[in-house]
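Okay, so here's the structure we're looking at.
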Amino acid sequence: MLIIPAIDIINGEVVRLSKGKYESKVSYKKTPLAYAEVYKDLGFEWVHLVDLSGSKDGKITTTKIIEKIKTQTNLKVEFGGGIRSKQNVVTLDNIGIDGIIIGSLSVSNKAEFESILEDVAPSKIIIAADVLDYKIRIKGWTENSNVHLFDHIKYCRELGIENFLCTDISVDGMLTGPNFSLYQTTIEKFPEIKLTASGGVSSIGDILKLEELSLRGIVVGKAIYENKINLEELAKLAL
């Protein structure tokens with residue numbers, strides 16, 4: 001199972017939010033590239049990049065940062081935030097993004113979303129299913145779509161997509177532990193999907209418990225930046 005460090009970005013700074021609330025922003029000193037180099041040196045395979053400015057405003061703002069990380073490290077990159085069109089996805093594919101995370105677009109503009117699959121392989125797409133009580137939130141978590149998580153997974157599966165990133169917004173950034181039942185229930189209903197857990201990880205114990213589920217991976221963010229998890233210990237689990 002993959003363990004994927006997160007780098008969330010607002011205005012070029014590495015930040016963390018609590019429950020997706022932008023007013024809760026905490027900034028960290030190193031640049032996104034500097035953090036990526038730390039993860040590379042420790043032996044991590046993937047990094048999870050999110051353009052939070054783009055997620056809120058609907059426009060990707062971190063293209064240069066992404067390109068630096070891709071060219072100066074050997075990390076595989078999954079990226080999301082601000083992807084609102086087919087052209088955005090094609091551009092990201094062309095600069096070598098390994099996993100393109102699509103959230104709002106797959107809910108709010110299905111015609112545009114489905115057209116993406118004419119030019120980009122479904123295996124490159126990761127669906128961001130950000131949920132509150134199993135209902136998907138969109139536009140940087142600011143709007144309730146009223147779409148049930150399971151209905152959305154069924155829709156995306158029909159299009160040949162198998163990669164899903166699921167975040168329980170109620171625990172994201174809170175360091176209180178993940179919503180284990182959410183992931184267990186989802187995997188039991190859709191055993192064929194590749195599911196990545198995100199949100200709430202607070203300790204190595206949380207990760208060991210998540211490893212008991214049949215997950216593709218785990219995204220770890222705030223617990224790293226707040227020194228709740230030792231990076232060297234985390235890296236050993238990732239190998």
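Naming scheme: A, B, ... for chains in displayed order of the structure tokens; residues 1 onward per chain; ligands 1 onward as shown.
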Spatial neighbours of segment 159-171 of chain A, 7 Å, only C-alpha atoms, chain gap at least 2 places, as an MDAnalysis selection string: chainID A and resid 19:20 122:123 125:132 155:157 173:174 176 178:179 193:200
Would you output that residue set with N, CA and C atoms, as a PDB file, in the first residue's frame?
```
ATOM      1  N   LYS A  19     -10.711  20.936   8.364  1.00  0.00           N
ATOM      2  CA  LYS A  19     -12.042  20.707   7.793  1.00  0.00           C
ATOM      3  C   LYS A  19     -12.261  21.490   6.498  1.00  0.00           C
ATOM      4  N   GLY A  20     -11.163  21.768   5.790  1.00  0.00           N
ATOM      5  CA  GLY A  20     -11.263  22.461   4.517  1.00  0.00           C
ATOM      6  C   GLY A  20     -11.575  23.940   4.607  1.00  0.00           C
ATOM      7  N   PRO A 122      -8.317   6.444 -18.712  1.00  0.00           N
ATOM      8  CA  PRO A 122      -8.983   6.388 -17.404  1.00  0.00           C
ATOM      9  C   PRO A 122      -8.043   6.025 -16.263  1.00  0.00           C
ATOM     10  N   SER A 123      -6.989   5.280 -16.564  1.00  0.00           N
ATOM     11  CA  SER A 123      -6.031   4.882 -15.523  1.00  0.00           C
ATOM     12  C   SER A 123      -5.257   6.066 -14.964  1.00  0.00           C
ATOM     13  N   ILE A 125      -6.717   8.962 -14.298  1.00  0.00           N
ATOM     14  CA  ILE A 125      -7.669   9.787 -13.563  1.00  0.00           C
ATOM     15  C   ILE A 125      -7.898   9.236 -12.156  1.00  0.00           C
ATOM     16  N   ILE A 126      -7.851  10.136 -11.163  1.00  0.00           N
ATOM     17  CA  ILE A 126      -8.214   9.811  -9.788  1.00  0.00           C
ATOM     18  C   ILE A 126      -9.400  10.692  -9.419  1.00  0.00           C
ATOM     19  N   ILE A 127     -10.500  10.081  -9.046  1.00  0.00           N
ATOM     20  CA  ILE A 127     -11.680  10.845  -8.674  1.00  0.00           C
ATOM     21  C   ILE A 127     -11.598  11.244  -7.204  1.00  0.00           C
ATOM     22  N   ALA A 128     -11.644  12.549  -6.955  1.00  0.00           N
ATOM     23  CA  ALA A 128     -11.652  13.053  -5.579  1.00  0.00           C
ATOM     24  C   ALA A 128     -13.091  13.061  -5.083  1.00  0.00           C
ATOM     25  N   ALA A 129     -13.381  12.156  -4.172  1.00  0.00           N
ATOM     26  CA  ALA A 129     -14.703  12.084  -3.569  1.00  0.00           C
ATOM     27  C   ALA A 129     -14.601  12.639  -2.156  1.00  0.00           C
ATOM     28  N   ASP A 130     -14.830  13.943  -2.035  1.00  0.00           N
ATOM     29  CA  ASP A 130     -14.720  14.631  -0.752  1.00  0.00           C
ATOM     30  C   ASP A 130     -16.109  14.689  -0.133  1.00  0.00           C
ATOM     31  N   VAL A 131     -16.277  14.022   1.003  1.00  0.00           N
ATOM     32  CA  VAL A 131     -17.636  13.797   1.490  1.00  0.00           C
ATOM     33  C   VAL A 131     -17.877  14.315   2.905  1.00  0.00           C
ATOM     34  N   LEU A 132     -19.143  14.632   3.138  1.00  0.00           N
ATOM     35  CA  LEU A 132     -19.648  14.956   4.457  1.00  0.00           C
ATOM     36  C   LEU A 132     -20.947  14.168   4.589  1.00  0.00           C
ATOM     37  N   TYR A 155     -21.192   5.716 -11.199  1.00  0.00           N
ATOM     38  CA  TYR A 155     -21.122   6.487 -12.447  1.00  0.00           C
ATOM     39  C   TYR A 155     -19.712   6.454 -13.028  1.00  0.00           C
ATOM     40  N   CYS A 156     -18.715   6.703 -12.205  1.00  0.00           N
ATOM     41  CA  CYS A 156     -17.326   6.738 -12.682  1.00  0.00           C
ATOM     42  C   CYS A 156     -16.843   5.348 -13.098  1.00  0.00           C
ATOM     43  N   ARG A 157     -17.294   4.325 -12.409  1.00  0.00           N
ATOM     44  CA  ARG A 157     -16.912   2.956 -12.779  1.00  0.00           C
ATOM     45  C   ARG A 157     -17.434   2.617 -14.172  1.00  0.00           C
ATOM     46  N   GLY A 173      -7.607  17.373   8.660  1.00  0.00           N
ATOM     47  CA  GLY A 173      -6.812  18.381   9.345  1.00  0.00           C
ATOM     48  C   GLY A 173      -7.047  18.460  10.833  1.00  0.00           C
ATOM     49  N   MET A 174      -7.845  17.558  11.383  1.00  0.00           N
ATOM     50  CA  MET A 174      -8.194  17.633  12.808  1.00  0.00           C
ATOM     51  C   MET A 174      -7.312  16.763  13.685  1.00  0.00           C
ATOM     52  N   THR A 176      -7.592  13.707  14.496  1.00  0.00           N
ATOM     53  CA  THR A 176      -8.417  12.923  15.415  1.00  0.00           C
ATOM     54  C   THR A 176      -8.596  11.484  14.943  1.00  0.00           C
ATOM     55  N   PRO A 178      -8.746   8.863  11.147  1.00  0.00           N
ATOM     56  CA  PRO A 178      -9.570   8.761   9.941  1.00  0.00           C
ATOM     57  C   PRO A 178     -10.947   8.165  10.247  1.00  0.00           C
ATOM     58  N   ASN A 179     -11.835   8.276   9.273  1.00  0.00           N
ATOM     59  CA  ASN A 179     -13.141   7.627   9.340  1.00  0.00           C
ATOM     60  C   ASN A 179     -12.979   6.206   8.791  1.00  0.00           C
ATOM     61  N   ILE A 193     -12.335  -1.415  -6.811  1.00  0.00           N
ATOM     62  CA  ILE A 193     -11.727  -0.103  -7.021  1.00  0.00           C
ATOM     63  C   ILE A 193     -10.401   0.020  -6.282  1.00  0.00           C
ATOM     64  N   LYS A 194      -9.605   1.013  -6.713  1.00  0.00           N
ATOM     65  CA  LYS A 194      -8.362   1.355  -6.023  1.00  0.00           C
ATOM     66  C   LYS A 194      -8.643   2.612  -5.210  1.00  0.00           C
ATOM     67  N   LEU A 195      -8.790   2.436  -3.896  1.00  0.00           N
ATOM     68  CA  LEU A 195      -9.225   3.519  -3.022  1.00  0.00           C
ATOM     69  C   LEU A 195      -8.073   4.041  -2.176  1.00  0.00           C
ATOM     70  N   THR A 196      -7.912   5.357  -2.182  1.00  0.00           N
ATOM     71  CA  THR A 196      -6.928   6.018  -1.341  1.00  0.00           C
ATOM     72  C   THR A 196      -7.661   6.780  -0.247  1.00  0.00           C
ATOM     73  N   ALA A 197      -7.193   6.597   0.996  1.00  0.00           N
ATOM     74  CA  ALA A 197      -7.788   7.270   2.148  1.00  0.00           C
ATOM     75  C   ALA A 197      -7.072   8.580   2.408  1.00  0.00           C
ATOM     76  N   SER A 198      -7.854   9.591   2.805  1.00  0.00           N
ATOM     77  CA  SER A 198      -7.272  10.895   3.102  1.00  0.00           C
ATOM     78  C   SER A 198      -8.090  11.583   4.178  1.00  0.00           C
ATOM     79  N   GLY A 199      -7.397  12.208   5.118  1.00  0.00           N
ATOM     80  CA  GLY A 199      -8.082  12.995   6.138  1.00  0.00           C
ATOM     81  C   GLY A 199      -8.063  12.366   7.513  1.00  0.00           C
ATOM     82  N   GLY A 200      -7.526  13.111   8.477  1.00  0.00           N
ATOM     83  CA  GLY A 200      -7.611  12.711   9.867  1.00  0.00           C
ATOM     84  C   GLY A 200      -6.474  11.886  10.419  1.00  0.00           C
TER      85      GLY A 200
END
```
DSSP on the backbone, then: every residue of segment 10-71 of chain A marked alpha helix (DSSP H), written as a tab-separated table (two decimals) with N, CA and C atoms, in the first residue's frame.
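Contents of the output file result_24.tsv:
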```tsv
chain	number	residue	atom	x	y	z
A	32	PRO	N	7.29	24.26	-1.54
A	32	PRO	CA	6.81	22.95	-2.00
A	32	PRO	C	7.92	22.06	-2.54
A	33	LEU	N	8.84	22.65	-3.32
A	33	LEU	CA	9.95	21.86	-3.86
A	33	LEU	C	10.84	21.32	-2.75
A	34	ALA	N	11.12	22.13	-1.74
A	34	ALA	CA	11.97	21.69	-0.63
A	34	ALA	C	11.34	20.50	0.10
A	35	TYR	N	10.04	20.57	0.34
A	35	TYR	CA	9.37	19.43	0.98
A	35	TYR	C	9.42	18.21	0.08
A	36	ALA	N	9.18	18.41	-1.22
A	36	ALA	CA	9.22	17.28	-2.15
A	36	ALA	C	10.59	16.61	-2.15
A	37	GLU	N	11.65	17.40	-2.06
A	37	GLU	CA	13.00	16.85	-2.04
A	37	GLU	C	13.25	16.04	-0.77
A	38	VAL	N	12.69	16.49	0.36
A	38	VAL	CA	12.78	15.72	1.60
A	38	VAL	C	12.13	14.35	1.42
A	39	TYR	N	10.94	14.35	0.83
A	39	TYR	CA	10.22	13.09	0.64
A	39	TYR	C	10.97	12.18	-0.33
A	40	LYS	N	11.56	12.77	-1.37
A	40	LYS	CA	12.34	11.98	-2.31
A	40	LYS	C	13.53	11.33	-1.60
A	41	ASP	N	14.25	12.11	-0.80
A	41	ASP	CA	15.44	11.61	-0.13
A	41	ASP	C	15.13	10.49	0.87
A	42	LEU	N	13.92	10.51	1.42
A	42	LEU	CA	13.51	9.48	2.37
A	42	LEU	C	12.99	8.22	1.69
A	52	LEU	N	-4.85	24.59	-3.54
A	52	LEU	CA	-6.04	25.01	-2.81
A	52	LEU	C	-6.61	26.32	-3.35
A	53	SER	N	-5.74	27.19	-3.83
A	53	SER	CA	-6.23	28.42	-4.47
A	53	SER	C	-7.04	28.07	-5.70
A	54	GLY	N	-6.51	27.14	-6.49
A	54	GLY	CA	-7.20	26.72	-7.69
A	54	GLY	C	-8.50	26.00	-7.39
A	55	SER	N	-8.49	25.20	-6.33
A	55	SER	CA	-9.69	24.47	-5.96
A	55	SER	C	-10.83	25.41	-5.63
A	56	LYS	N	-10.51	26.51	-4.97
A	56	LYS	CA	-11.52	27.48	-4.57
A	56	LYS	C	-11.96	28.38	-5.72
A	57	ASP	N	-10.99	28.81	-6.54
A	57	ASP	CA	-11.27	29.82	-7.57
A	57	ASP	C	-11.48	29.24	-8.97
A	63	THR	N	1.26	25.60	-11.84
A	63	THR	CA	1.89	24.85	-12.93
A	63	THR	C	3.41	24.86	-12.84
A	64	LYS	N	4.00	26.02	-12.56
A	64	LYS	CA	5.46	26.11	-12.48
A	64	LYS	C	6.01	25.29	-11.32
A	65	ILE	N	5.29	25.29	-10.19
A	65	ILE	CA	5.71	24.49	-9.03
A	65	ILE	C	5.66	23.00	-9.37
A	66	ILE	N	4.59	22.59	-10.04
A	66	ILE	CA	4.46	21.19	-10.44
A	66	ILE	C	5.63	20.79	-11.35
A	67	GLU	N	5.93	21.63	-12.32
A	67	GLU	CA	6.99	21.32	-13.28
A	67	GLU	C	8.34	21.20	-12.59
A	68	LYS	N	8.60	22.08	-11.60
A	68	LYS	CA	9.87	21.99	-10.86
A	68	LYS	C	9.97	20.68	-10.11
A	69	ILE	N	8.90	20.29	-9.46
A	69	ILE	CA	8.92	19.04	-8.69
A	69	ILE	C	9.09	17.85	-9.62
A	70	LYS	N	8.43	17.89	-10.77
A	70	LYS	CA	8.55	16.79	-11.72
A	70	LYS	C	9.96	16.69	-12.30
A	71	THR	N	10.58	17.84	-12.60
A	71	THR	CA	11.89	17.82	-13.26
A	71	THR	C	13.05	17.65	-12.27
```
9 Å contact set for Ser106 of chain A, only C-alpha atoms, chain neighbours under 3 positions out, as a PyMOL selection string: chain A and resi 102-103+109-114+127-128+152+156
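Straight-line separation from atom CA of Lys222 of chain A to atom CA of Arg16 of chain A: 6.3 Å.
With only C-alpha atoms as the atoms that count, the residue of A:Lys209, A:Ile224, A:Ile10, A:Phe79 with the shortest distance to Tyr22 of chain A is A:Ile10.
For the pair atom CA of Glu212 of chain A and atom CA of Leu175 of chain A, the interatomic distance is 19.8 Å.
Of the listed residues A:Gly82, A:Asp8, A:Asp133, A:Glu232, the one whose atoms come nearest to Tyr28 of chain A is A:Asp8, with distances taken using only C-alpha atoms.
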Among listed residues A:Val77, A:Leu17, A:Gly43, A:Gly140, nearest Ala235 of chain A (using only C-alpha atoms): A:Gly43
Residues within 8 Å of Asp206 of chain A, only C-alpha atoms, excluding chain neighbours under 4 positions, as a list in words: Gly177, Pro178, Val201, Ser202 and Leu210 of chain A
